[in-house]
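Asker: Compact mmCIF, C-alpha atoms, file query_5.txt:
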# COMPACT_ATOMS: atom_id res chain seq x y z
CA MET A 1 17.82 22.43 14.65
CA ASP A 2 16.49 19.04 15.72
CA PHE A 3 16.41 16.27 13.10
CA LEU A 4 15.09 13.64 15.51
CA LEU A 5 11.49 12.52 15.73
CA THR A 6 9.75 13.16 19.03
CA ASP A 7 8.79 10.30 21.32
CA ASP A 8 5.17 10.64 20.17
CA GLN A 9 6.18 10.54 16.52
CA ARG A 10 8.34 7.45 17.01
CA THR A 11 5.51 5.73 18.85
CA LEU A 12 3.10 6.65 16.06
CA LYS A 13 5.51 5.39 13.39
CA ALA A 14 5.88 2.05 15.15
CA ALA A 15 2.11 1.69 15.59
CA ILE A 16 1.15 2.50 11.98
CA ARG A 17 3.97 0.28 10.66
CA GLU A 18 2.75 -2.64 12.74
CA LEU A 19 -0.80 -2.12 11.50
CA CYS A 20 0.39 -1.87 7.90
CA ASP A 21 2.62 -4.93 8.10
CA LYS A 22 -0.08 -7.02 9.71
CA GLU A 23 -3.27 -5.89 7.96
CA ILE A 24 -2.61 -3.75 4.88
CA ALA A 25 0.53 -4.98 3.10
CA PRO A 26 -0.54 -8.66 2.91
CA ARG A 27 -3.66 -7.85 0.87
CA ALA A 28 -2.32 -5.00 -1.32
CA ALA A 29 -1.52 -7.24 -4.30
CA GLN A 30 -4.91 -8.92 -4.09
CA PHE A 31 -6.86 -5.66 -4.13
CA ASN A 32 -4.83 -4.44 -7.09
CA ALA A 33 -5.18 -7.66 -9.04
CA ARG A 34 -8.96 -7.51 -8.64
CA HIS A 35 -9.17 -3.74 -9.23
CA GLU A 36 -11.15 -3.80 -5.98
CA PHE A 37 -11.52 -0.65 -3.90
CA PRO A 38 -9.94 -1.43 -0.49
CA TRP A 39 -12.85 -0.51 1.76
CA PRO A 40 -11.55 -2.76 4.59
CA ASN A 41 -8.36 -0.68 4.75
CA PHE A 42 -10.32 2.59 4.86
CA LYS A 43 -12.53 1.27 7.65
CA LEU A 44 -9.47 -0.03 9.51
CA LEU A 45 -7.84 3.39 9.44
CA ALA A 46 -11.06 4.98 10.67
CA ALA A 47 -11.38 2.47 13.51
CA ASN A 48 -7.82 3.22 14.63
CA GLY A 49 -8.31 6.99 14.60
CA TYR A 50 -6.07 7.86 11.64
CA LEU A 51 -8.66 9.56 9.42
CA ASN A 52 -8.31 13.36 9.73
CA MET A 53 -5.83 12.82 12.55
CA HIS A 54 -4.24 16.21 11.77
CA LEU A 55 -7.44 18.22 12.24
CA PRO A 56 -7.97 19.87 15.63
CA GLU A 57 -10.51 18.47 18.07
CA PRO A 58 -13.40 17.76 17.88
CA TYR A 59 -12.88 16.79 14.23
CA GLY A 60 -9.52 15.05 14.66
CA MET A 61 -6.87 14.46 17.30
CA GLY A 62 -4.72 17.49 16.51
CA ALA A 63 -1.69 15.55 15.33
CA ASP A 64 1.18 17.56 13.84
CA TRP A 65 1.88 17.54 10.10
CA VAL A 66 5.10 15.54 10.42
CA SER A 67 3.09 12.79 12.13
CA TYR A 68 0.54 12.98 9.34
CA ALA A 69 3.32 12.63 6.73
CA ILE A 70 4.71 9.64 8.61
CA VAL A 71 1.36 7.87 8.43
CA ILE A 72 1.05 8.41 4.66
CA GLU A 73 4.66 7.27 4.18
CA GLU A 74 4.02 4.04 6.06
CA LEU A 75 0.74 3.45 4.23
CA ALA A 76 2.49 3.90 0.87
CA ARG A 77 5.26 1.53 1.91
CA ALA A 78 2.56 -1.10 2.46
CA CYS A 79 -0.04 -0.14 -0.18
CA ALA A 80 0.21 2.93 -2.40
CA VAL A 81 -3.50 2.70 -3.23
CA THR A 82 -4.52 3.00 0.41
CA SER A 83 -2.16 5.95 0.89
CA VAL A 84 -3.69 8.00 -1.94
CA ILE A 85 -7.27 7.21 -0.87
CA PHE A 86 -6.33 8.36 2.63
CA GLU A 87 -4.49 11.45 1.33
CA VAL A 88 -7.33 12.68 -0.89
CA HIS A 89 -9.92 12.06 1.82
CA CYS A 90 -7.92 13.88 4.51
CA SER A 91 -5.72 16.47 2.74
CA LEU A 92 -7.75 17.60 -0.26
CA HIS A 93 -11.30 16.99 0.89
CA SER A 94 -11.57 17.34 4.67
CA GLU A 95 -9.00 20.14 4.83
CA ALA A 96 -11.06 22.16 2.34
CA ILE A 97 -14.15 21.84 4.51
CA TYR A 98 -12.30 22.57 7.74
CA HIS A 99 -10.58 25.73 6.48
CA TYR A 100 -13.28 27.14 4.21
CA GLY A 101 -16.57 25.58 5.28
CA THR A 102 -19.26 27.24 7.36
CA GLU A 103 -19.81 25.99 10.88
CA ALA A 104 -22.92 24.18 9.66
CA GLN A 105 -20.94 22.46 6.88
CA LYS A 106 -18.22 21.41 9.32
CA GLN A 107 -20.67 19.95 11.80
CA LYS A 108 -22.64 18.20 9.07
CA TYR A 109 -19.74 16.50 7.32
CA LEU A 110 -16.46 16.44 9.26
CA PRO A 111 -17.48 14.06 12.09
CA ARG A 112 -18.77 11.56 9.53
CA LEU A 113 -15.62 11.93 7.41
CA THR A 114 -13.43 11.35 10.47
CA ARG A 115 -15.39 8.28 11.55
CA GLY A 116 -15.14 6.86 8.04
CA GLU A 117 -18.90 6.81 7.54
CA ILE A 118 -18.45 8.71 4.28
CA LEU A 119 -15.55 9.03 1.83
CA GLY A 120 -14.47 12.32 0.27
CA ALA A 121 -13.11 13.31 -3.15
CA TYR A 122 -11.76 16.44 -4.84
CA ALA A 123 -12.87 17.45 -8.35
CA LEU A 124 -10.77 20.14 -10.02
CA THR A 125 -9.29 18.65 -13.22
CA GLU A 126 -11.24 18.74 -16.50
CA PRO A 127 -10.47 17.29 -19.95
CA GLY A 128 -9.33 20.72 -21.11
CA SER A 129 -7.84 22.04 -17.87
CA GLY A 130 -5.29 19.96 -16.02
CA SER A 131 -2.18 21.94 -15.14
CA ASP A 132 -4.01 25.07 -16.30
CA ALA A 133 -6.70 24.77 -13.65
CA ALA A 134 -7.95 28.32 -14.20
CA ALA A 135 -9.19 27.26 -17.64
CA LEU A 136 -11.93 25.02 -16.21
CA ARG A 137 -15.32 25.27 -17.92
CA THR A 138 -17.77 23.54 -15.59
CA ALA A 139 -20.43 26.18 -14.86
CA ALA A 140 -22.53 26.88 -11.78
CA VAL A 141 -25.42 29.26 -12.37
CA ARG A 142 -27.29 30.77 -9.42
CA ASP A 143 -31.04 30.17 -9.54
CA GLY A 144 -32.76 31.48 -6.43
CA ASP A 145 -31.56 29.48 -3.44
CA THR A 146 -29.80 26.86 -5.61
CA TYR A 147 -26.93 26.55 -8.07
CA VAL A 148 -27.27 24.55 -11.28
CA LEU A 149 -24.06 22.77 -12.31
CA ASN A 150 -23.23 21.66 -15.84
CA GLY A 151 -19.89 20.31 -17.01
CA GLU A 152 -17.38 17.52 -16.73
CA LYS A 153 -14.46 16.52 -14.52
CA THR A 154 -11.81 13.88 -15.12
CA PHE A 155 -9.07 11.90 -13.33
CA ILE A 156 -11.01 12.05 -10.05
CA THR A 157 -9.52 9.85 -7.33
CA ASN A 158 -12.18 8.01 -5.28
CA GLY A 159 -14.65 8.71 -8.11
CA GLY A 160 -17.75 6.57 -7.87
CA GLN A 161 -16.80 5.47 -4.34
CA ALA A 162 -16.94 8.83 -2.57
CA HIS A 163 -20.10 10.09 -0.93
CA LEU A 164 -19.14 13.78 -1.02
CA TYR A 165 -17.15 15.79 -3.57
CA VAL A 166 -15.45 19.18 -3.42
CA VAL A 167 -16.24 20.51 -6.91
CA PHE A 168 -14.84 23.61 -8.59
CA ALA A 169 -16.99 25.46 -11.12
CA ARG A 170 -17.18 28.82 -12.84
CA THR A 171 -19.85 31.04 -11.27
CA ASN A 172 -19.06 34.05 -13.44
CA PRO A 173 -18.59 33.42 -17.19
CA ASP A 174 -16.85 36.73 -17.82
CA PRO A 175 -13.45 35.71 -19.30
CA ALA A 176 -11.90 38.91 -18.01
CA LEU A 177 -12.30 37.63 -14.45
CA GLY A 178 -10.15 34.55 -15.15
CA HIS A 179 -9.62 32.51 -11.99
CA LYS A 180 -11.61 35.05 -9.95
CA GLY A 181 -14.80 33.69 -11.49
CA ILE A 182 -14.31 30.21 -9.98
CA SER A 183 -16.11 28.95 -6.86
CA ALA A 184 -16.10 25.72 -4.84
CA PHE A 185 -19.07 23.54 -3.88
CA LEU A 186 -19.87 20.48 -1.81
CA VAL A 187 -21.81 18.00 -3.94
CA GLU A 188 -23.31 14.84 -2.47
CA ALA A 189 -23.04 11.75 -4.64
CA ASP A 190 -26.79 11.07 -4.74
CA THR A 191 -27.66 14.54 -6.09
CA PRO A 192 -29.89 14.28 -9.21
CA GLY A 193 -27.97 15.22 -12.32
CA PHE A 194 -24.64 14.02 -10.90
CA VAL A 195 -23.30 11.09 -12.95
CA VAL A 196 -20.10 9.10 -12.45
CA GLY A 197 -18.23 7.55 -15.37
CA LYS A 198 -16.77 4.05 -15.26
CA PRO A 199 -13.34 3.56 -13.62
CA MET A 200 -10.43 4.29 -15.94
CA GLU A 201 -7.88 1.59 -16.77
CA LYS A 202 -4.57 2.91 -15.44
CA MET A 203 -0.90 1.96 -15.49
CA GLY A 204 -0.91 1.46 -11.72
CA LEU A 205 -2.94 2.02 -8.55
CA HIS A 206 -5.48 -0.42 -9.96
CA ALA A 207 -7.52 -0.65 -6.75
CA SER A 208 -7.90 3.14 -6.60
CA HIS A 209 -10.90 4.10 -8.69
CA THR A 210 -10.31 7.06 -11.00
CA THR A 211 -13.28 8.32 -13.00
CA GLN A 212 -14.90 11.11 -14.92
CA LEU A 213 -17.75 13.08 -13.35
CA PHE A 214 -20.64 14.62 -15.27
CA PHE A 215 -22.99 17.37 -14.13
CA GLU A 216 -26.22 17.55 -16.10
CA ASP A 217 -28.45 20.30 -14.70
CA CYS A 218 -27.26 19.19 -11.28
CA ARG A 219 -29.09 21.40 -8.78
CA ILE A 220 -27.52 21.90 -5.35
CA PRO A 221 -28.55 24.16 -2.47
CA ALA A 222 -26.77 27.52 -2.26
CA ALA A 223 -25.79 26.47 1.27
CA GLN A 224 -23.39 23.97 -0.37
CA LEU A 225 -21.16 26.81 -1.61
CA LEU A 226 -17.75 26.36 0.01
CA GLY A 227 -16.27 29.71 1.00
CA GLN A 228 -17.39 32.77 -0.93
CA GLU A 229 -18.22 33.10 -4.60
CA GLY A 230 -15.04 33.71 -6.57
CA GLU A 231 -12.77 32.17 -3.92
CA GLY A 232 -12.61 28.75 -5.55
CA PHE A 233 -9.23 29.11 -7.23
CA LYS A 234 -7.65 30.42 -4.03
CA ILE A 235 -9.12 27.45 -2.15
CA ALA A 236 -7.87 25.02 -4.79
CA LEU A 237 -4.27 26.27 -4.63
CA ALA A 238 -4.18 26.41 -0.83
CA ILE A 239 -5.50 22.88 -0.52
CA LEU A 240 -3.14 21.57 -3.20
CA ASP A 241 -0.20 22.73 -1.07
CA ARG A 242 -1.46 20.44 1.67
CA GLY A 243 -2.07 17.64 -0.78
CA ARG A 244 1.44 17.87 -2.18
CA VAL A 245 2.87 17.14 1.25
CA GLY A 246 0.85 13.92 1.13
CA ILE A 247 2.07 12.98 -2.36
CA ALA A 248 5.68 13.61 -1.33
CA ALA A 249 5.08 11.27 1.60
CA GLN A 250 3.57 8.69 -0.73
CA ALA A 251 6.64 8.87 -2.98
CA VAL A 252 8.95 8.42 0.02
CA GLY A 253 6.97 5.38 1.15
CA ILE A 254 7.11 3.79 -2.30
CA THR A 255 10.88 4.33 -2.46
CA GLN A 256 11.28 2.81 1.01
CA ALA A 257 9.35 -0.26 -0.12
CA ALA A 258 11.61 -0.58 -3.16
CA LEU A 259 14.74 -0.33 -1.02
CA ASP A 260 13.40 -2.89 1.46
CA ASP A 261 12.73 -5.35 -1.34
CA CYS A 262 16.14 -4.77 -2.93
CA VAL A 263 18.06 -5.32 0.29
CA LYS A 264 16.16 -8.54 0.98
CA TYR A 265 16.60 -9.84 -2.58
CA ALA A 266 20.28 -8.87 -2.75
CA ARG A 267 20.99 -10.87 0.38
CA GLU A 268 19.16 -13.96 -0.87
CA ARG A 269 20.10 -14.01 -4.57
CA SER A 270 23.57 -15.37 -5.44
CA THR A 271 25.59 -15.16 -8.64
CA PHE A 272 29.17 -16.15 -9.34
CA GLY A 273 29.39 -17.82 -5.95
CA LYS A 274 28.28 -14.98 -3.68
CA PRO A 275 25.18 -12.90 -2.81
CA ILE A 276 24.60 -10.13 -5.34
CA ALA A 277 24.73 -7.68 -2.42
CA GLU A 278 28.48 -8.25 -2.45
CA HIS A 279 28.78 -7.16 -6.08
CA GLN A 280 29.72 -3.50 -6.23
CA ALA A 281 27.35 -2.81 -9.13
CA ILE A 282 24.38 -3.81 -6.95
CA ALA A 283 25.69 -2.45 -3.67
CA PHE A 284 26.26 1.00 -5.14
CA LYS A 285 22.74 1.12 -6.61
CA MET A 286 21.30 0.45 -3.16
CA ALA A 287 23.65 3.02 -1.57
CA ASP A 288 22.42 5.68 -3.99
CA MET A 289 18.82 4.64 -3.36
CA ALA A 290 19.23 4.92 0.40
CA THR A 291 20.95 8.31 0.13
CA ASP A 292 18.31 9.84 -2.13
CA LEU A 293 15.57 8.36 0.03
CA GLU A 294 16.98 9.98 3.14
CA ALA A 295 17.28 13.34 1.36
CA ALA A 296 13.68 13.10 0.16
CA ARG A 297 12.46 12.20 3.63
CA LEU A 298 14.25 15.17 5.22
CA MET A 299 12.77 17.53 2.61
CA LEU A 300 9.34 16.04 3.27
CA TYR A 301 9.58 16.42 7.04
CA ARG A 302 10.83 20.00 6.71
CA ALA A 303 7.95 20.93 4.42
CA ALA A 304 5.47 19.22 6.77
CA PHE A 305 6.99 20.98 9.78
CA LEU A 306 6.70 24.40 8.13
CA MET A 307 3.14 23.65 7.04
CA GLY A 308 2.23 22.71 10.60
CA LYS A 309 3.72 25.94 11.93
CA GLY A 310 1.53 27.95 9.59
CA GLN A 311 4.53 29.36 7.75
CA ARG A 312 4.58 30.16 4.06
CA ALA A 313 6.05 26.98 2.62
CA THR A 314 4.87 26.76 -0.98
CA LYS A 315 8.43 26.55 -2.31
CA GLU A 316 9.56 23.95 0.21
CA ILE A 317 6.44 21.84 -0.38
CA SER A 318 6.93 21.89 -4.15
CA MET A 319 10.62 21.03 -3.72
CA ALA A 320 9.74 18.06 -1.53
CA LYS A 321 7.06 16.84 -3.93
CA LEU A 322 9.33 17.27 -6.96
CA PHE A 323 12.38 15.57 -5.48
CA ALA A 324 10.55 12.75 -3.73
CA SER A 325 8.53 11.83 -6.82
CA GLU A 326 11.55 12.01 -9.14
CA MET A 327 13.52 9.77 -6.80
CA ALA A 328 10.64 7.33 -6.47
CA MET A 329 10.52 6.89 -10.24
CA LYS A 330 14.30 6.69 -10.60
CA HIS A 331 14.81 4.11 -7.89
CA THR A 332 11.82 1.87 -8.56
CA VAL A 333 13.23 1.48 -12.08
CA GLU A 334 16.57 0.58 -10.49
CA ALA A 335 14.79 -1.84 -8.16
CA VAL A 336 13.44 -3.73 -11.17
CA GLN A 337 16.96 -3.78 -12.62
CA ILE A 338 18.41 -5.17 -9.40
CA HIS A 339 15.85 -7.97 -9.47
CA GLY A 340 16.71 -8.77 -13.09
CA GLY A 341 14.17 -10.88 -14.91
CA TYR A 342 12.28 -11.48 -11.68
CA GLY A 343 11.66 -7.76 -11.38
CA TYR A 344 9.58 -7.90 -14.53
CA ILE A 345 7.06 -10.42 -13.24
CA GLN A 346 4.18 -9.73 -10.91
CA GLU A 347 5.29 -12.25 -8.29
CA TYR A 348 7.77 -9.62 -7.14
CA ARG A 349 6.39 -6.34 -5.83
CA VAL A 350 8.94 -4.06 -7.49
CA GLU A 351 7.18 -4.13 -10.88
CA ARG A 352 4.04 -2.77 -9.20
CA LEU A 353 6.05 -0.19 -7.28
CA MET A 354 7.56 1.10 -10.53
CA ARG A 355 4.10 1.58 -12.04
CA GLU A 356 2.81 3.20 -8.85
CA ALA A 357 5.76 5.59 -8.59
CA LYS A 358 5.03 7.19 -11.95
CA ILE A 359 1.79 8.80 -10.86
CA THR A 360 3.55 10.74 -8.09
CA GLN A 361 5.22 12.78 -10.86
CA LEU A 362 1.83 13.61 -12.36
CA TYR A 363 -1.01 14.18 -9.94
CA GLU A 364 -1.52 17.18 -7.69
CA GLY A 365 0.82 19.09 -9.99
CA THR A 366 3.27 17.52 -12.43
CA SER A 367 7.03 17.79 -11.95
CA GLU A 368 7.00 20.58 -14.53
CA ILE A 369 4.40 22.50 -12.52
CA GLN A 370 6.47 22.08 -9.35
CA ARG A 371 9.46 23.58 -11.16
CA MET A 372 7.28 26.50 -12.23
CA VAL A 373 6.13 27.05 -8.65
CA ILE A 374 9.67 26.85 -7.29
CA SER A 375 11.14 29.23 -9.87
CA ARG A 376 8.36 31.76 -9.34
CA GLN A 377 8.92 31.69 -5.60
CA LEU A 378 12.66 32.21 -6.15
CA LEU A 379 12.01 35.26 -8.32
CA ARG A 380 9.60 36.73 -5.75
CA ASP A 381 12.01 36.37 -2.83
For the structure just supplied, provide its representation as C-alpha cells.
Answerer:
Amino acid sequence: MDFLLTDDQRTLKAAIRELCDKEIAPRAAQFNARHEFPWPNFKLLAANGYLNMHLPEPYGMGADWVSYAIVIEELARACAVTSVIFEVHCSLHSEAIYHYGTEAQKQKYLPRLTRGEILGAYALTEPGSGSDAAALRTAAVRDGDTYVLNGEKTFITNGGQAHLYVVFARTNPDPALGHKGISAFLVEADTPGFVVGKPMEKMGLHASHTTQLFFEDCRIPAAQLLGQEGEGFKIALAILDRGRVGIAAQAVGITQAALDDCVKYARERSTFGKPIAEHQAIAFKMADMATDLEAARLMLYRAAFLMGKGQRATKEISMAKLFASEMAMKHTVEAVQIHGGYGYIQEYRVERLMREAKITQLYEGTSEIQRMVISRQLLRD
C-alpha cells in the first residue's frame, strides 16, 4: 500500500499550485465581490491543458483520477468558484458525454469542451425534486425525429453561462415506471424554447452563476438523446459518483486554505505578549484542523484511486464527500474563531471560506444523502 504521490503527480501538484498562486488566487475576491463569472480562469485552465485532463486521448490527456482530484483541490484552495465551474464542466458534463454519448456526439462536443470553446452544465434538480431526483417532472415527448421538452430546472451551476446542458427529463409519464421513465438529453443554449432565469443570490460562491432553467415547447433533435431512452436515472447516478469525488476535493482545498490562513495569522497576531500560535487554545484548534484535513485528503485520494481503477467505489466516494465536506464546514468556522473579530470582516478570506464551505454539504448529494448511500452499501455487502 503506497501512500506517496508519484513523480508525475507531485510535478502536476507543483505546476497547478504555481498557476493558482500566480493567476487565480489574487483575483478570487474581486470576481466574488462583483458577482462576475471568472471566464479568464476558465480560459487559463483550457490553455494549460487542464480541462477534461482525465479523459483518454484524443479528448483529454488520460490523467489518473488522483491527479484530477489534486487539480480541483488546488483550484479550491485558490478560488472555490473556479473549482466548481471546472468540476461541473469536466466531471458532470463531459464525463456524461464521454461515457454515454454516441460517437457523433463525442466528436461534435468533446474537443470543443476540452479546448474551452464551450462551457458545459448539468441539469437534474427541479423545484420539487432535489434529493429525490426520481421525482422530476420535466417532460420530453417524442414527435417524429424530435423531442419536445417542457418543464423547469433549478440550482443549475454555470446556468446562463454554459453553451451546452445535460438535461434529464421524463420520456414516459407512466408513474409505475418510476426512474425507468427518465432519459437524458444534450440541449444547446440557443435552442428556441430554452430560457434561463436570472442568477440566484447565494450565501457564497458569488461569482459562480446558479440559475433556473425553463423549457417551453423546446424542440430538440432526437439525435440529442444521450444514451438510450429510460437510461437517464442510471446515467445521473453514475455521473454523480464522479462529481462527488470533485466536491470532496473542493472541500479539501477549502479546508487547506483555511489552515494556511490560520497558521499565517497565528504567527503574526500577538496577545498577552506572545504570538497567539503559542497559546494552547489556538494551537490545538490548528492541530485538529490539520489532522482532519489529512484524513479527508487520504479518503479523497483513495476514492479517486478506486474510481480510476474502475472498481465499485460508491461507498468510498460518499464517505469521502461526507467527511471532507463536514470537516470543511467545521474548520472554516474555527478559522473565523481563530481570527477573532477580523475573521468576521471581508478583508480576511476566512469569512468567505466559511460561506463557501457550506455548499459542499449540500450539492451533488447532501450529507444526509451520503449517509443513506453509505448505509445502503453496508447493508448490501
Asker: Could you jot down the atom CA of Ala189 of chain A to atom CA of Gln212 of chain A separation for me, Å, one decimal place?
Answerer: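 Those two atoms sit 13.1 Å apart.
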Asker: What's the 12 Å shell around Glu201 of chain A, counting all atoms listed in the file, without same-chain residues fewer than 3 positions away, as a list in words?
Answerer: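 Using all atoms listed in the file, the neighbours found are Asn32, His35, Phe155, Lys198, Gly204, Leu205, His206, Ala207, Ser208, His209, Thr210, Thr211 and Gln212 of chain A.
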Asker: Please tell me which residues are no farther than 12 Å from (-14.6, 10.2, -12.5) in the file, counting all atoms listed in the file, and write them as an MDAnalysis selection string.
Answerer: chainID A and resid 121:127 152:162 165 167 189 194:201 208:215
Asker: I'd like the interatomic distance between atom CA of Trp65 of chain A and atom CA of Leu306 of chain A, to a tenth of an Å.
Answerer: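 Here the two named atoms are 8.6 Å from each other.
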Asker: Looking at all atoms listed in the file, which of A:Val333, A:Leu44, A:Ile254, A:Leu5 is the one that sits closest to Phe305 of chain A?
Answerer: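 Comparing A:Val333, A:Leu44, A:Ile254, A:Leu5 against Phe305 of chain A, the winner is A:Leu5.
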Asker: Quick one, how far is atom CA of Asn48 of chain A from atom CA of Leu119 of chain A?
Answerer: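 Computing the Euclidean distance for atom CA of Asn48 of chain A and atom CA of Leu119 of chain A yields 16.0 Å.
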Asker: Would you please work out which residue, of A:Thr114, A:Ser131, A:Asn150, A:Gln370, is nearest to Glu57 of chain A when using all atoms listed in the file?
Answerer: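 Ranking A:Thr114, A:Ser131, A:Asn150, A:Gln370 by distance to Glu57 of chain A, first place goes to A:Thr114.
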Asker: List the neighbours of Gly144 of chain A out to 12 Å using only C-alpha atoms; skip same-chain residues closer than 5 positions along the sequence, and give me the result as number ranges by chain.
Answerer: A: 219-223
Asker: Rank A:Ile70, A:Leu164, A:Glu188, A:Arg267 by their smallest atom-to-atom distance to Ala14 of chain A, using all atoms listed in the file, and report the top residue only.
Answerer: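 Of A:Ile70, A:Leu164, A:Glu188, A:Arg267, the one nearest Ala14 of chain A is A:Ile70, counting all atoms listed in the file.
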